[in-house]
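Okay, run_34.tsv is below, TSV, N, CA and C atoms:
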chain	number	residue	atom	x	y	z
C	1	MET	N	3.87	-20.27	13.81
C	1	MET	CA	4.44	-19.33	12.86
C	1	MET	C	3.86	-19.54	11.46
C	2	SER	N	3.54	-20.80	11.12
C	2	SER	CA	3.03	-21.06	9.77
C	2	SER	C	1.67	-20.38	9.56
C	3	GLU	N	0.88	-20.22	10.61
C	3	GLU	CA	-0.39	-19.50	10.49
C	3	GLU	C	-0.15	-18.03	10.15
C	4	ILE	N	0.86	-17.45	10.76
C	4	ILE	CA	1.21	-16.05	10.47
C	4	ILE	C	1.67	-15.93	9.01
C	5	ILE	N	2.50	-16.85	8.57
C	5	ILE	CA	2.99	-16.81	7.19
C	5	ILE	C	1.81	-16.92	6.22
C	6	GLU	N	0.88	-17.81	6.50
C	6	GLU	CA	-0.28	-17.96	5.61
C	6	GLU	C	-1.14	-16.69	5.62
C	7	THR	N	-1.29	-16.07	6.77
C	7	THR	CA	-2.03	-14.81	6.85
C	7	THR	C	-1.33	-13.73	6.03
C	8	LEU	N	-0.02	-13.65	6.13
C	8	LEU	CA	0.74	-12.67	5.35
C	8	LEU	C	0.59	-12.93	3.85
C	9	ARG	N	0.65	-14.18	3.46
C	9	ARG	CA	0.46	-14.51	2.04
C	9	ARG	C	-0.94	-14.10	1.57
C	10	ASN	N	-1.95	-14.39	2.38
C	10	ASN	CA	-3.32	-13.98	2.02
C	10	ASN	C	-3.42	-12.47	1.92
C	11	ASP	N	-2.81	-11.77	2.87
C	11	ASP	CA	-2.80	-10.31	2.82
C	11	ASP	C	-2.18	-9.81	1.52
C	12	HIS	N	-1.06	-10.40	1.14
C	12	HIS	CA	-0.37	-9.97	-0.08
C	12	HIS	C	-1.24	-10.25	-1.32
C	13	ARG	N	-1.91	-11.38	-1.34
C	13	ARG	CA	-2.82	-11.67	-2.46
C	13	ARG	C	-3.96	-10.66	-2.51
C	14	ASN	N	-4.54	-10.37	-1.35
C	14	ASN	CA	-5.65	-9.41	-1.29
C	14	ASN	C	-5.20	-8.00	-1.68
C	15	LEU	N	-4.04	-7.60	-1.20
C	15	LEU	CA	-3.52	-6.29	-1.56
C	15	LEU	C	-3.20	-6.22	-3.06
C	16	ALA	N	-2.71	-7.32	-3.61
C	16	ALA	CA	-2.42	-7.35	-5.05
C	16	ALA	C	-3.71	-7.17	-5.85
C	17	ALA	N	-4.79	-7.79	-5.40
C	17	ALA	CA	-6.08	-7.64	-6.09
C	17	ALA	C	-6.56	-6.19	-6.01
C	18	LEU	N	-6.43	-5.58	-4.84
C	18	LEU	CA	-6.81	-4.17	-4.70
C	18	LEU	C	-5.95	-3.27	-5.58
C	19	LEU	N	-4.67	-3.57	-5.66
C	19	LEU	CA	-3.78	-2.75	-6.48
C	19	LEU	C	-4.08	-2.89	-7.97
C	20	ARG	N	-4.51	-4.07	-8.39
C	20	ARG	CA	-4.92	-4.23	-9.80
C	20	ARG	C	-6.14	-3.35	-10.09
C	21	LEU	N	-7.09	-3.33	-9.17
C	21	LEU	CA	-8.27	-2.48	-9.32
C	21	LEU	C	-7.86	-1.01	-9.32
C	22	PHE	N	-6.95	-0.65	-8.42
C	22	PHE	CA	-6.43	0.70	-8.33
C	22	PHE	C	-5.78	1.10	-9.67
C	23	GLU	N	-4.95	0.22	-10.22
C	23	GLU	CA	-4.28	0.50	-11.48
C	23	GLU	C	-5.27	0.73	-12.62
C	24	GLN	N	-6.33	-0.06	-12.66
C	24	GLN	CA	-7.35	0.13	-13.69
C	24	GLN	C	-7.97	1.52	-13.59
C	25	GLN	N	-8.27	1.94	-12.38
C	25	GLN	CA	-8.89	3.25	-12.18
C	25	GLN	C	-7.90	4.37	-12.51
C	26	ILE	N	-6.64	4.19	-12.17
C	26	ILE	CA	-5.63	5.21	-12.47
C	26	ILE	C	-5.44	5.34	-13.97
C	27	LEU	N	-5.54	4.24	-14.70
C	27	LEU	CA	-5.44	4.32	-16.17
C	27	LEU	C	-6.57	5.18	-16.74
C	28	VAL	N	-7.75	5.07	-16.18
C	28	VAL	CA	-8.87	5.92	-16.61
C	28	VAL	C	-8.52	7.38	-16.35
C	29	PHE	N	-7.99	7.66	-15.15
C	29	PHE	CA	-7.59	9.01	-14.78
C	29	PHE	C	-6.49	9.53	-15.70
C	30	GLU	N	-5.49	8.69	-15.95
C	30	GLU	CA	-4.36	9.08	-16.80
C	30	GLU	C	-4.82	9.42	-18.22
C	31	ASP	N	-5.84	8.72	-18.68
C	31	ASP	CA	-6.37	8.96	-20.02
C	31	ASP	C	-7.31	10.16	-20.08
C	32	GLY	N	-7.43	10.89	-18.96
C	32	GLY	CA	-8.27	12.08	-18.92
C	32	GLY	C	-9.70	11.83	-18.50
C	33	GLY	N	-10.00	10.59	-18.14
C	33	GLY	CA	-11.35	10.24	-17.73
C	33	GLY	C	-11.60	10.51	-16.25
C	34	HIS	N	-12.75	10.04	-15.81
C	34	HIS	CA	-13.16	10.24	-14.43
C	34	HIS	C	-13.38	8.87	-13.77
C	35	PRO	N	-12.36	8.39	-13.09
C	35	PRO	CA	-12.48	7.10	-12.41
C	35	PRO	C	-13.40	7.23	-11.19
C	36	ASP	N	-13.58	6.15	-10.51
C	36	ASP	CA	-14.34	6.14	-9.27
C	36	ASP	C	-13.39	6.64	-8.15
C	37	TYR	N	-13.44	7.94	-7.91
C	37	TYR	CA	-12.52	8.54	-6.95
C	37	TYR	C	-12.75	8.03	-5.53
C	38	GLU	N	-14.00	7.76	-5.19
C	38	GLU	CA	-14.30	7.20	-3.86
C	38	GLU	C	-13.64	5.84	-3.70
C	39	LEU	N	-13.70	5.02	-4.76
C	39	LEU	CA	-13.06	3.72	-4.73
C	39	LEU	C	-11.55	3.88	-4.57
C	40	LEU	N	-10.97	4.80	-5.33
C	40	LEU	CA	-9.53	5.05	-5.20
C	40	LEU	C	-9.18	5.46	-3.77
C	41	ALA	N	-9.96	6.36	-3.21
C	41	ALA	CA	-9.70	6.82	-1.84
C	41	ALA	C	-9.83	5.66	-0.85
C	42	ASP	N	-10.85	4.82	-1.04
C	42	ASP	CA	-11.04	3.68	-0.13
C	42	ASP	C	-9.88	2.70	-0.22
C	43	ILE	N	-9.41	2.43	-1.42
C	43	ILE	CA	-8.29	1.50	-1.58
C	43	ILE	C	-7.04	2.07	-0.92
C	44	VAL	N	-6.75	3.33	-1.17
C	44	VAL	CA	-5.54	3.93	-0.60
C	44	VAL	C	-5.66	4.04	0.91
C	45	ASP	N	-6.84	4.39	1.40
C	45	ASP	CA	-7.06	4.46	2.85
C	45	ASP	C	-6.83	3.09	3.49
C	46	TYR	N	-7.36	2.06	2.87
C	46	TYR	CA	-7.15	0.70	3.36
C	46	TYR	C	-5.66	0.37	3.39
C	47	CYS	N	-4.97	0.71	2.31
C	47	CYS	CA	-3.53	0.43	2.22
C	47	CYS	C	-2.72	1.24	3.23
C	48	LEU	N	-3.27	2.35	3.68
C	48	LEU	CA	-2.60	3.15	4.69
C	48	LEU	C	-2.82	2.58	6.08
C	49	ASN	N	-4.03	2.14	6.35
C	49	ASN	CA	-4.38	1.75	7.72
C	49	ASN	C	-4.23	0.27	8.04
C	50	TYR	N	-4.74	-0.60	7.20
C	50	TYR	CA	-4.68	-2.02	7.53
C	50	TYR	C	-3.26	-2.53	7.75
C	51	PRO	N	-2.33	-2.23	6.85
C	51	PRO	CA	-0.99	-2.78	7.07
C	51	PRO	C	-0.39	-2.38	8.42
C	52	ASP	N	-0.53	-1.14	8.81
C	52	ASP	CA	0.07	-0.72	10.08
C	52	ASP	C	-0.63	-1.35	11.29
C	53	LEU	N	-1.92	-1.59	11.16
C	53	LEU	CA	-2.66	-2.16	12.29
C	53	LEU	C	-2.47	-3.67	12.41
C	54	ARG	N	-2.41	-4.38	11.30
C	54	ARG	CA	-2.40	-5.84	11.34
C	54	ARG	C	-1.21	-6.49	10.64
C	55	HIS	N	-0.93	-6.05	9.43
C	55	HIS	CA	0.04	-6.75	8.59
C	55	HIS	C	1.49	-6.52	9.03
C	56	HIS	N	1.87	-5.27	9.16
C	56	HIS	CA	3.27	-4.97	9.50
C	56	HIS	C	3.69	-5.54	10.85
C	57	PRO	N	2.83	-5.51	11.88
C	57	PRO	CA	3.26	-6.16	13.13
C	57	PRO	C	3.57	-7.65	12.95
C	58	MET	N	2.80	-8.32	12.09
C	58	MET	CA	3.09	-9.74	11.83
C	58	MET	C	4.42	-9.88	11.09
C	59	GLU	N	4.66	-9.02	10.11
C	59	GLU	CA	5.95	-9.07	9.40
C	59	GLU	C	7.10	-8.81	10.36
C	60	ASP	N	6.90	-7.86	11.26
C	60	ASP	CA	7.95	-7.57	12.25
C	60	ASP	C	8.24	-8.78	13.13
C	61	ALA	N	7.18	-9.51	13.51
C	61	ALA	CA	7.36	-10.71	14.34
C	61	ALA	C	8.13	-11.78	13.57
C	62	VAL	N	7.81	-11.95	12.31
C	62	VAL	CA	8.52	-12.93	11.48
C	62	VAL	C	9.98	-12.52	11.34
C	63	LEU	N	10.22	-11.25	11.08
C	63	LEU	CA	11.60	-10.79	10.94
C	63	LEU	C	12.38	-10.97	12.24
C	64	GLU	N	11.74	-10.69	13.36
C	64	GLU	CA	12.41	-10.87	14.66
C	64	GLU	C	12.82	-12.33	14.84
C	65	ARG	N	11.94	-13.22	14.48
C	65	ARG	CA	12.24	-14.66	14.58
C	65	ARG	C	13.36	-15.04	13.59
C	66	LEU	N	13.31	-14.47	12.41
C	66	LEU	CA	14.33	-14.74	11.40
C	66	LEU	C	15.70	-14.28	11.87
C	67	VAL	N	15.74	-13.12	12.52
C	67	VAL	CA	17.01	-12.61	13.06
C	67	VAL	C	17.59	-13.62	14.05
C	68	ASP	N	16.72	-14.20	14.88
C	68	ASP	CA	17.19	-15.19	15.85
C	68	ASP	C	17.72	-16.45	15.16
C	69	LEU	N	17.03	-16.86	14.10
C	69	LEU	CA	17.38	-18.12	13.45
C	69	LEU	C	18.49	-18.00	12.41
C	70	ASP	N	18.46	-16.90	11.66
C	70	ASP	CA	19.40	-16.75	10.55
C	70	ASP	C	19.67	-15.26	10.29
C	71	PRO	N	20.59	-14.67	11.04
C	71	PRO	CA	20.87	-13.24	10.89
C	71	PRO	C	21.25	-12.84	9.47
C	72	ASP	N	21.93	-13.72	8.74
C	72	ASP	CA	22.31	-13.39	7.36
C	72	ASP	C	21.08	-13.25	6.47
C	73	ALA	N	20.13	-14.14	6.63
C	73	ALA	CA	18.89	-14.06	5.85
C	73	ALA	C	18.12	-12.80	6.22
C	74	ALA	N	18.08	-12.49	7.49
C	74	ALA	CA	17.38	-11.29	7.95
C	74	ALA	C	18.03	-10.03	7.38
C	75	ALA	N	19.34	-10.03	7.25
C	75	ALA	CA	20.05	-8.87	6.70
C	75	ALA	C	19.66	-8.63	5.25
C	76	ARG	N	19.38	-9.69	4.52
C	76	ARG	CA	18.99	-9.55	3.12
C	76	ARG	C	17.61	-8.90	2.97
C	77	VAL	N	16.80	-8.98	4.00
C	77	VAL	CA	15.48	-8.35	3.97
C	77	VAL	C	15.63	-6.83	3.96
C	78	GLY	N	16.66	-6.34	4.62
C	78	GLY	CA	16.89	-4.90	4.67
C	78	GLY	C	16.17	-4.27	5.84
C	79	ASP	N	16.08	-2.98	5.80
C	79	ASP	CA	15.46	-2.22	6.88
C	79	ASP	C	13.95	-2.15	6.64
C	80	LEU	N	13.25	-3.11	7.18
C	80	LEU	CA	11.82	-3.22	6.98
C	80	LEU	C	11.08	-2.00	7.52
C	81	ASN	N	11.53	-1.49	8.66
C	81	ASN	CA	10.87	-0.31	9.23
C	81	ASN	C	11.00	0.90	8.31
C	82	ALA	N	12.16	1.08	7.71
C	82	ALA	CA	12.35	2.21	6.78
C	82	ALA	C	11.49	2.02	5.53
C	83	GLN	N	11.39	0.78	5.06
C	83	GLN	CA	10.54	0.51	3.89
C	83	GLN	C	9.07	0.83	4.22
C	84	HIS	N	8.63	0.41	5.38
C	84	HIS	CA	7.25	0.68	5.79
C	84	HIS	C	7.00	2.18	5.96
C	85	GLU	N	7.95	2.88	6.50
C	85	GLU	CA	7.79	4.33	6.68
C	85	GLU	C	7.73	5.05	5.34
C	86	ALA	N	8.58	4.65	4.41
C	86	ALA	CA	8.55	5.27	3.08
C	86	ALA	C	7.21	5.00	2.39
C	87	LEU	N	6.71	3.79	2.54
C	87	LEU	CA	5.41	3.45	1.95
C	87	LEU	C	4.28	4.26	2.60
C	88	ARG	N	4.33	4.41	3.93
C	88	ARG	CA	3.33	5.22	4.64
C	88	ARG	C	3.33	6.66	4.13
C	89	ASP	N	4.51	7.23	3.96
C	89	ASP	CA	4.62	8.61	3.49
C	89	ASP	C	4.04	8.75	2.08
C	90	LEU	N	4.41	7.86	1.19
C	90	LEU	CA	3.89	7.89	-0.17
C	90	LEU	C	2.37	7.71	-0.17
C	91	THR	N	1.87	6.80	0.63
C	91	THR	CA	0.44	6.53	0.69
C	91	THR	C	-0.32	7.74	1.21
C	92	ARG	N	0.22	8.40	2.21
C	92	ARG	CA	-0.42	9.62	2.74
C	92	ARG	C	-0.48	10.71	1.68
C	93	ARG	N	0.60	10.89	0.93
C	93	ARG	CA	0.62	11.91	-0.12
C	93	ARG	C	-0.39	11.59	-1.22
C	94	LEU	N	-0.48	10.33	-1.58
C	94	LEU	CA	-1.44	9.92	-2.61
C	94	LEU	C	-2.87	10.11	-2.12
C	95	LEU	N	-3.14	9.74	-0.89
C	95	LEU	CA	-4.48	9.91	-0.34
C	95	LEU	C	-4.86	11.39	-0.27
C	96	ALA	N	-3.91	12.23	0.09
C	96	ALA	CA	-4.16	13.67	0.13
C	96	ALA	C	-4.51	14.19	-1.27
C	97	ALA	N	-3.80	13.72	-2.28
C	97	ALA	CA	-4.09	14.14	-3.66
C	97	ALA	C	-5.48	13.70	-4.09
C	98	ILE	N	-5.86	12.47	-3.75
C	98	ILE	CA	-7.19	11.99	-4.10
C	98	ILE	C	-8.26	12.79	-3.37
C	99	HIS	N	-8.01	13.14	-2.12
C	99	HIS	CA	-8.97	13.96	-1.38
C	99	HIS	C	-9.09	15.36	-2.00
C	100	GLN	N	-7.99	15.89	-2.52
C	100	GLN	CA	-8.06	17.17	-3.22
C	100	GLN	C	-8.98	17.06	-4.43
C	101	ILE	N	-8.85	15.98	-5.16
C	101	ILE	CA	-9.71	15.77	-6.32
C	101	ILE	C	-11.17	15.67	-5.87
C	102	LEU	N	-11.41	14.90	-4.82
C	102	LEU	CA	-12.78	14.74	-4.31
C	102	LEU	C	-13.36	16.08	-3.84
C	103	ASN	N	-12.49	16.96	-3.38
C	103	ASN	CA	-12.94	18.29	-2.94
C	103	ASN	C	-12.92	19.30	-4.07
C	104	GLU	N	-12.75	18.80	-5.29
C	104	GLU	CA	-12.79	19.60	-6.51
C	104	GLU	C	-11.71	20.68	-6.58
C	105	ALA	N	-10.58	20.39	-5.95
C	105	ALA	CA	-9.43	21.30	-6.03
C	105	ALA	C	-8.69	21.03	-7.34
C	106	GLU	N	-7.98	22.04	-7.80
C	106	GLU	CA	-7.13	21.87	-8.98
C	106	GLU	C	-5.95	20.98	-8.59
C	107	VAL	N	-5.70	19.97	-9.41
C	107	VAL	CA	-4.54	19.11	-9.17
C	107	VAL	C	-3.79	18.94	-10.48
C	108	ASP	N	-2.53	18.68	-10.36
C	108	ASP	CA	-1.69	18.38	-11.51
C	108	ASP	C	-1.87	16.89	-11.82
C	109	ARG	N	-2.60	16.60	-12.89
C	109	ARG	CA	-2.93	15.22	-13.25
C	109	ARG	C	-1.66	14.37	-13.39
C	110	VAL	N	-0.63	14.93	-14.01
C	110	VAL	CA	0.62	14.19	-14.20
C	110	VAL	C	1.26	13.86	-12.86
C	111	ALA	N	1.25	14.81	-11.94
C	111	ALA	CA	1.83	14.58	-10.61
C	111	ALA	C	1.08	13.48	-9.86
C	112	VAL	N	-0.24	13.48	-9.98
C	112	VAL	CA	-1.04	12.45	-9.31
C	112	VAL	C	-0.75	11.09	-9.93
C	113	VAL	N	-0.65	11.03	-11.24
C	113	VAL	CA	-0.33	9.77	-11.92
C	113	VAL	C	1.04	9.27	-11.48
C	114	MET	N	2.01	10.18	-11.37
C	114	MET	CA	3.35	9.78	-10.93
C	114	MET	C	3.31	9.22	-9.50
C	115	LEU	N	2.55	9.87	-8.61
C	115	LEU	CA	2.39	9.35	-7.25
C	115	LEU	C	1.79	7.96	-7.30
C	116	ALA	N	0.75	7.82	-8.11
C	116	ALA	CA	0.06	6.53	-8.22
C	116	ALA	C	1.00	5.45	-8.74
C	117	GLN	N	1.82	5.81	-9.71
C	117	GLN	CA	2.77	4.82	-10.27
C	117	GLN	C	3.81	4.43	-9.22
C	118	ASP	N	4.27	5.39	-8.43
C	118	ASP	CA	5.22	5.07	-7.36
C	118	ASP	C	4.57	4.16	-6.32
C	119	PHE	N	3.30	4.41	-6.05
C	119	PHE	CA	2.55	3.63	-5.07
C	119	PHE	C	2.45	2.20	-5.55
Rewrite the structure from the file as structure tokens, please.
Amino acid sequence: MSEIIETLRNDHRNLAALLRLFEQQILVFEDGGHPDYELLADIVDYCLNYPDLRHHPMEDAVLERLVDLDPDAAARVGDLNAQHEALRDLTRRLLAAIHQILNEAEVDRVAVVMLAQDF
């Protein structure tokens, strides 16, 4: 189990680094500039796909074990599946907005920034 925990910690560190890069690019966008939209799309795509394929199943395994060992502690985690679903929905909407920009569609800059801030 400790190997899974270390993998999850590494994932969180890596995702945090990607999100810092994402935030820098969104600040450029928010200021009316032109960030690296391909980079933004790649980061959001990664955040949409990698967690569901690798990260969330490991978290689910840890939570399942926690429920067996300490149901009270597991209850404090909350509904992990609902949290993951809400994040997936937000990530899909953000990725769609970035793809609209890449396809040169008109977008509401403020709405995209708000999505990005929620993300």
- What separates atom CA of C:Leu115 and atom N of C:Leu94 is a distance of 6.4 Å
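Among the candidates C:Met58, C:Ala41, C:Val67, C:Leu27, the one nearest to C:Ile5 when counting all atoms listed in the file is C:Met58.
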- Message: So that I can check the surroundings of C:His84, please list as a count of residues only every protein, DNA and RNA residue that reaches within 9 Å of it, counting only C-alpha atoms and ignoring chain neighbours fewer than 4 positions away.
- Response: 6
- Task: Could you tell me how far atom N of C:Gln25 lies from atom N of C:Asp11, in Å and to one decimal?
- Result: 21.2 Å
- Message: I'd like the interatomic distance between atom C of C:Glu3 and atom CA of C:Glu64, to a tenth of an Å.
- Response: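 Spanning atom C of C:Glu3 to atom CA of C:Glu64 is a straight-line distance of 15.1 Å.
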- For C:Asp118, please output as a list in words all residues within 8 Å (counting only N, CA and C atoms; exclusion window: fewer than 5 positions along the same chain).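 Within the cut-off, the hits are Leu90, Thr91, Val112 and Val113 of chain C.
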- Message: Measuring between all atoms listed in the file, which one of C:Ile101, C:Ala17, C:Ile4, C:Val28 shows the shortest distance to C:Val62?
- Response: C:Ile4
Could you rebuild stretch 105-119 of chain C with N, CA, C and O atoms and give it back as a short mmCIF file (atom, residue, chain, number, x, y, z; two decimals), in the coordinates of the input?
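The new file rebuild36.cif reads:
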data_model
loop_
_atom_site.label_atom_id
_atom_site.label_comp_id
_atom_site.auth_asym_id
_atom_site.auth_seq_id
_atom_site.Cartn_x
_atom_site.Cartn_y
_atom_site.Cartn_z
N ALA C 105 -10.58 20.39 -5.95
CA ALA C 105 -9.43 21.30 -6.03
C ALA C 105 -8.69 21.03 -7.34
O ALA C 105 -8.76 19.94 -7.90
N GLU C 106 -7.98 22.04 -7.80
CA GLU C 106 -7.13 21.87 -8.98
C GLU C 106 -5.95 20.98 -8.59
O GLU C 106 -5.29 21.21 -7.58
N VAL C 107 -5.70 19.97 -9.41
CA VAL C 107 -4.54 19.11 -9.17
C VAL C 107 -3.79 18.94 -10.48
O VAL C 107 -4.37 19.03 -11.56
N ASP C 108 -2.53 18.68 -10.36
CA ASP C 108 -1.69 18.38 -11.51
C ASP C 108 -1.87 16.89 -11.82
O ASP C 108 -1.40 16.03 -11.08
N ARG C 109 -2.60 16.60 -12.89
CA ARG C 109 -2.93 15.22 -13.25
C ARG C 109 -1.66 14.37 -13.39
O ARG C 109 -1.61 13.24 -12.92
N VAL C 110 -0.63 14.93 -14.01
CA VAL C 110 0.62 14.19 -14.20
C VAL C 110 1.26 13.86 -12.86
O VAL C 110 1.75 12.75 -12.64
N ALA C 111 1.25 14.81 -11.94
CA ALA C 111 1.83 14.58 -10.61
C ALA C 111 1.08 13.48 -9.86
O ALA C 111 1.69 12.64 -9.20
N VAL C 112 -0.24 13.48 -9.98
CA VAL C 112 -1.04 12.45 -9.31
C VAL C 112 -0.75 11.09 -9.93
O VAL C 112 -0.58 10.09 -9.21
N VAL C 113 -0.65 11.03 -11.24
CA VAL C 113 -0.33 9.77 -11.92
C VAL C 113 1.04 9.27 -11.48
O VAL C 113 1.22 8.07 -11.22
N MET C 114 2.01 10.18 -11.37
CA MET C 114 3.35 9.78 -10.93
C MET C 114 3.31 9.22 -9.50
O MET C 114 3.97 8.21 -9.20
N LEU C 115 2.55 9.87 -8.61
CA LEU C 115 2.39 9.35 -7.25
C LEU C 115 1.79 7.96 -7.30
O LEU C 115 2.22 7.05 -6.58
N ALA C 116 0.75 7.82 -8.11
CA ALA C 116 0.06 6.53 -8.22
C ALA C 116 1.00 5.45 -8.74
O ALA C 116 0.98 4.32 -8.28
N GLN C 117 1.82 5.81 -9.71
CA GLN C 117 2.77 4.82 -10.27
C GLN C 117 3.81 4.43 -9.22
O GLN C 117 4.19 3.26 -9.14
N ASP C 118 4.27 5.39 -8.43
CA ASP C 118 5.22 5.07 -7.36
C ASP C 118 4.57 4.16 -6.32
O ASP C 118 5.20 3.26 -5.79
N PHE C 119 3.30 4.41 -6.05
CA PHE C 119 2.55 3.63 -5.07
C PHE C 119 2.45 2.20 -5.55
O PHE C 119 2.62 1.27 -4.84
#
